[in-house]
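**Q** Have a look at this one.
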Amino acid sequence: MRWTEILIPTLRNPPKDAEAASHKLALRAGLIRQLSSGVYSYLPLGFRVLHKIIAIVREEMNRAGAQEVLMPALHPAELWKKTGRYETLGDDKLAFKNRAGHEFVLGPTHEEVVTELAAAYLKSFRDFPQTLYQIQTKFRDEARPRFGVIRTKEFIMKDAYSFDVDDAGLDINYTKMSEAYHRIFSRCGLSFKVVEADTGMMGGKMSQEFMVVCPYGEDRVAISKSGKLASLEIAKRAQPAELVSKAPVPPAVEAFETPNLRTIEEISHKYKVPSAQMIKTLIYMADGQPVAALVTGDSELNEVKLRRLLGVKELRQAEAEEVRQATGAPVGFAGPVGLKVPVYADWDVVCGTDFVTGANEKDKHIRHVDPRRDFQVKAAGDLRQVRTGDLAEDGSGMLDIVTTMEIGHVFKLGTRYSAQLEALFLDEKGERKPAIMGCYGIGVNRILAAAIEEHHDDKGILWPRAIAPFDVEIITVNQAILETHSAAQKIENDLEALGFDVLYDNREERAGVKFNDADLIGVPVQVTVGERGLKEGMVEVKLRRTGEVSKIALADVAQAVKSALQR
RNA sequence: CGGGAUGUAGCACAGCUUGGUAGUGCGCUCGGUUCGGGACCGAGAGGCCGCAGGUUCAAGUCCUGCCAUCCCGACCA
């Protein structure tokens, strides 16, 4: 393909609205063009990359035994109302009425539609297992599109759905998909990590998120020195060796007036108490019974952890009136001393001393509070959100908090949709049962963004070969010279005949412009043809990634390109 | 949806304080000289100055409202 025959609008100045590396470079390299917030066109180069990614996804899905289908993007709203997701979707749904007054939803995902298919056709246990997938545009009216192509209102998703007769079958499909995902992301050149998501109270459900660490992602997760990621929801820290303070017991508890001062910040600021020396006392209703949860003033309580420590089903923050009943004081003055309800404390609290906390009396706090002397803790545990510097539970050292981007997600759904939409089959005994489902998603556009985030330098993109828009770019130093462009043309023909995707920069531009554009668009191998080399029958082959240049005889170019691409 | 910022040519920006009828660099077109890491000279094309209303003899500039875009946060089936 010749540069003059393909639209590659490279930019010297990055548009000012771009912040993320992938966003800036995708714009500068002429991959995308923004139409409105969170809505992008893919230009020829960008679309070539998407095609390569899609080809890999498709190949691995097929290899894993999934069958490609194409479901509609236009969904009747009634279908979404049946599963109750019409409401849960809320403002994220893009919906409209047609002239007949029928409401449609532009598909944000396809559990409903695929389950309707299963309900129609998967009638006998003999029809199982089945895995269907599609690669298609999804619509979500994101409140805040971000970072170019990383979070958009319209995006291409590979979504797959498995149907099985039992959990054992689901396990097999889930594993197959998970393995396929490993292959897909590896082939796309991404350093991804798998995060086990919380199985929570969902009973047997399970999910894994495939993440890449990148500064412009959207999730904050904990990473241990061993490279393991855990969502902040479930990241745990190591238990301290001794769950008690070694410091001397402070003087007796003393109350002091704090008129209208309720928050940790207000009191910490007014009385010059570090927030870590304060106890935040949160009242929760656990299965209907009030409990107090204590964390130090500088930390955030993690409700998932509290729920786990308590071992209860229902947990919610207490209403103002419930707080008053439990503590005898309005919200903002709760403290563990003299409290009648069971007290659960974070390790930081039981390991500390000389705290300031609420006095369970309006406009009063108390100081010199000591957990050994002044109140009873029913149980101590890891109750707060982890933060940078906490020791990892696996003993690998300090945790770090990093930003990540989710590029894939596999999920064991169970019967949620099949039961509601009556995707029922008859088993060997003639019993009607809902199909056991799994769902598996990949954000195709995000792979493009993630690849740029991971593979770029100050000059431009360094595409992994498998998803590069072209394998090799030929650059003529001076297009006007006959020997140069005829040599370039021959190389182009030879390489194309060997099956390489070749971009030949045949523009009558100065060499510098072409070199810079080549580095910017990031094709892995560059072949430079100039009269200087041609005099000796040589061209230069440059590896974009390393910058390494070697002189190659004309006759050996194909071989040199081939081996360069394998590195 | 809350907070902050910004809207002037394809891209980056100046002009706004102190109103007088549209500028710069890159890119684009034509001619010429150049030609191995973003050349130079000359001549051009390209603007509802985000939109609407107001003030004024006169608005890119002042006032009001709206819209759009980006960043932080909330949210993310």
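Following the order of the structure tokens, chains are lettered A, B, ..., residues in each are numbered from 1, and ligands are numbered from 1.
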Select from chain B every residue with an atom at most 6 Å from any atom of chain A, then for each give the shortest pair of atoms and their distance in Å to one decimal, using only C-alpha atoms (C1' of nucleotides), rows by chain and rising number, as a Markdown table.
**A**
```
| residue | atom | partner | partner_atom | distance |
| --- | --- | --- | --- | --- |
| B:C11 | C1' | A:Asn13 | CA | 6.0 |
| B:A12 | C1' | A:Asn13 | CA | 6.0 |
| B:G37 | C1' | A:Gly512 | CA | 4.2 |
| B:G38 | C1' | A:Val513 | CA | 4.9 |
| B:C70 | C1' | A:Asp17 | CA | 5.3 |
| B:A77 | C1' | A:Leu89 | CA | 4.9 |
```
**Q** Which of region 437-476 of chain A end up as alpha helix (DSSP H) when DSSP is run on this backbone - answer as a list in words?
**A**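 Written out, the alpha helix (DSSP H) residues of region 437-476 of chain A are Val444, Asn445, Arg446, Ile447, Leu448, Ala449, Ala450, Ala451, Ile452, Glu453 and Glu454 of chain A.
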**Q** Calculated over only C-alpha atoms (C1' of nucleotides), which of the candidates B:C57, B:C35, B:C66, B:A9 has the smallest distance to G23 (chain B)?
**A**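 Looking at the shortest contact to G23 (chain B), the residue is B:A9.
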**Q** Counting only C-alpha atoms, figure out which residue out of A:Ile447, A:Ile223, A:Val369, A:Val39 gets nearest to Ser396 (chain A).
**A**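 Smallest separation from Ser396 (chain A) among the options: A:Ile223.
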**Q** Using only C-alpha atoms (C1' of nucleotides), determine which residues lie at most 7 Å from Met157 (chain A), disregarding the query and same-chain residues fewer than 4 positions distant; provide the list as a PyMOL selection string.
**A** chain A and resi 135-138+441-444
**Q** Just to be explicit: take each residue in the selection above, keep C-alpha atoms, and write the result as a PDB file, in the first residue's frame.
**A**
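Contents of the output file part_4.pdb:
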```
ATOM      1  CA  ILE A 135     -17.907  -8.879  17.799  1.00  0.00           C
ATOM      2  CA  GLN A 136     -20.103  -5.841  17.661  1.00  0.00           C
ATOM      3  CA  THR A 137     -20.613  -2.226  18.604  1.00  0.00           C
ATOM      4  CA  LYS A 138     -22.070  -1.617  22.043  1.00  0.00           C
ATOM      5  CA  GLY A 441     -16.246  -9.822  27.361  1.00  0.00           C
ATOM      6  CA  ILE A 442     -13.312  -8.139  25.686  1.00  0.00           C
ATOM      7  CA  GLY A 443     -13.016  -4.422  24.912  1.00  0.00           C
ATOM      8  CA  VAL A 444     -11.491  -4.445  21.460  1.00  0.00           C
TER       9      VAL A 444
END
```
**Q** Identify, on the basis of only C-alpha atoms (C1' of nucleotides), every residue whose closest approach to Met211 (chain A) does not exceed 10 Å; exclude the query and any residue fewer than 2 positions from it along the same chain; express the result as a CSV table (one decimal) with C-alpha atoms, in the first residue's frame.
**A**
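And here is the file that came out, part-v4.csv:
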```csv
chain,number,residue,atom,x,y,z
A,185,PHE,CA,-3.8,-10.7,25.3
A,190,LEU,CA,0.0,-6.8,26.4
A,191,SER,CA,1.4,-7.3,29.9
A,192,PHE,CA,-1.8,-8.1,31.5
A,193,LYS,CA,-2.7,-9.3,35.0
A,194,VAL,CA,-5.7,-11.4,36.1
A,195,VAL,CA,-7.6,-10.2,39.1
A,208,GLN,CA,-11.9,-12.7,36.8
A,209,GLU,CA,-10.9,-9.3,35.4
A,213,VAL,CA,-1.5,-1.4,34.7
A,214,CYS,CA,-1.6,2.0,33.0
A,217,GLY,CA,-7.0,3.5,33.5
A,219,ASP,CA,-9.8,1.4,38.4
A,221,VAL,CA,-6.2,-1.5,42.6
A,229,LEU,CA,-3.4,-7.4,41.7
A,403,THR,CA,-4.3,2.6,38.2
A,404,THR,CA,-5.5,-0.1,35.8
A,405,MET,CA,-7.6,-0.5,32.7
A,406,GLU,CA,-9.9,-3.5,32.4
A,407,ILE,CA,-9.5,-5.1,29.0
A,408,GLY,CA,-11.5,-8.3,29.6
A,409,HIS,CA,-13.8,-9.9,32.0
A,450,ALA,CA,-3.6,-0.4,26.1
```
**Q** Would you tabulate, counting only C-alpha atoms, all residues of region 17-123 of chain A that have an atom at most 9 Å from an atom of region 412-429 of chain A, showing the closest pair of atoms and their distance in Å to one decimal, sorted by chain then ascending number, as CSV?
**A**
```
residue,atom,partner,partner_atom,distance
A:Leu79,CA,A:Leu421,CA,8.8
A:Lys82,CA,A:Leu421,CA,7.4
A:Thr83,CA,A:Gln420,CA,6.2
A:Glu111,CA,A:Tyr417,CA,7.1
A:Glu112,CA,A:Tyr417,CA,7.0
A:Thr115,CA,A:Ser418,CA,6.2
A:Glu116,CA,A:Leu421,CA,6.7
A:Leu117,CA,A:Ala423,CA,8.3
A:Ala118,CA,A:Ala423,CA,5.8
A:Ala119,CA,A:Ala423,CA,3.7
A:Ala120,CA,A:Ala423,CA,7.4
A:Tyr121,CA,A:Ala423,CA,8.8
A:Leu122,CA,A:Phe425,CA,6.4
A:Lys123,CA,A:Phe425,CA,4.4
```
**Q** Restrict the selected residues to C-alpha atoms and save them as a compact mmCIF listing (two decimals), in the first residue's frame.
**A**
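Saved result, selection_29.txt, follows:
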```txt
# COMPACT_ATOMS: atom_id res chain seq x y z
CA LEU A 79 -36.86 -7.51 26.83
CA LYS A 82 -38.36 -8.52 31.74
CA THR A 83 -35.04 -8.96 33.52
CA GLU A 111 -27.32 -11.32 28.05
CA GLU A 112 -31.00 -10.73 27.38
CA THR A 115 -30.74 -15.89 26.51
CA GLU A 116 -33.81 -15.39 24.35
CA LEU A 117 -31.99 -17.38 21.67
CA ALA A 118 -31.16 -20.13 24.11
CA ALA A 119 -34.74 -20.23 25.32
CA ALA A 120 -35.91 -20.76 21.75
CA TYR A 121 -33.48 -23.47 20.69
CA LEU A 122 -31.76 -25.21 23.60
CA LYS A 123 -34.58 -27.52 24.67
```
**Q** Check region 134-320 of chain A with DSSP on the backbone and list each residue it calls strand (DSSP E or B), as a PyMOL selection string.
**A** chain A and resi 134-139+146+151+154-164+192-196+207-213+219-223+229-231+237+254-257+278-286+289-296+301+315-317
**Q** Using only C-alpha atoms (C1' of nucleotides), find the one residue out of B:U29, B:U6, B:U69, B:U24 that sits nearest to A43 (chain B).
**A**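 Of B:U29, B:U6, B:U69, B:U24, the one nearest A43 (chain B) is B:U29, counting only C-alpha atoms (C1' of nucleotides).
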**Q** Between CA of Ala451 (chain A) and CA of Phe155 (chain A), measure the distance and give it in Å to one decimal.
**A**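 Going from CA of Ala451 (chain A) over to CA of Phe155 (chain A) covers 16.4 Å.
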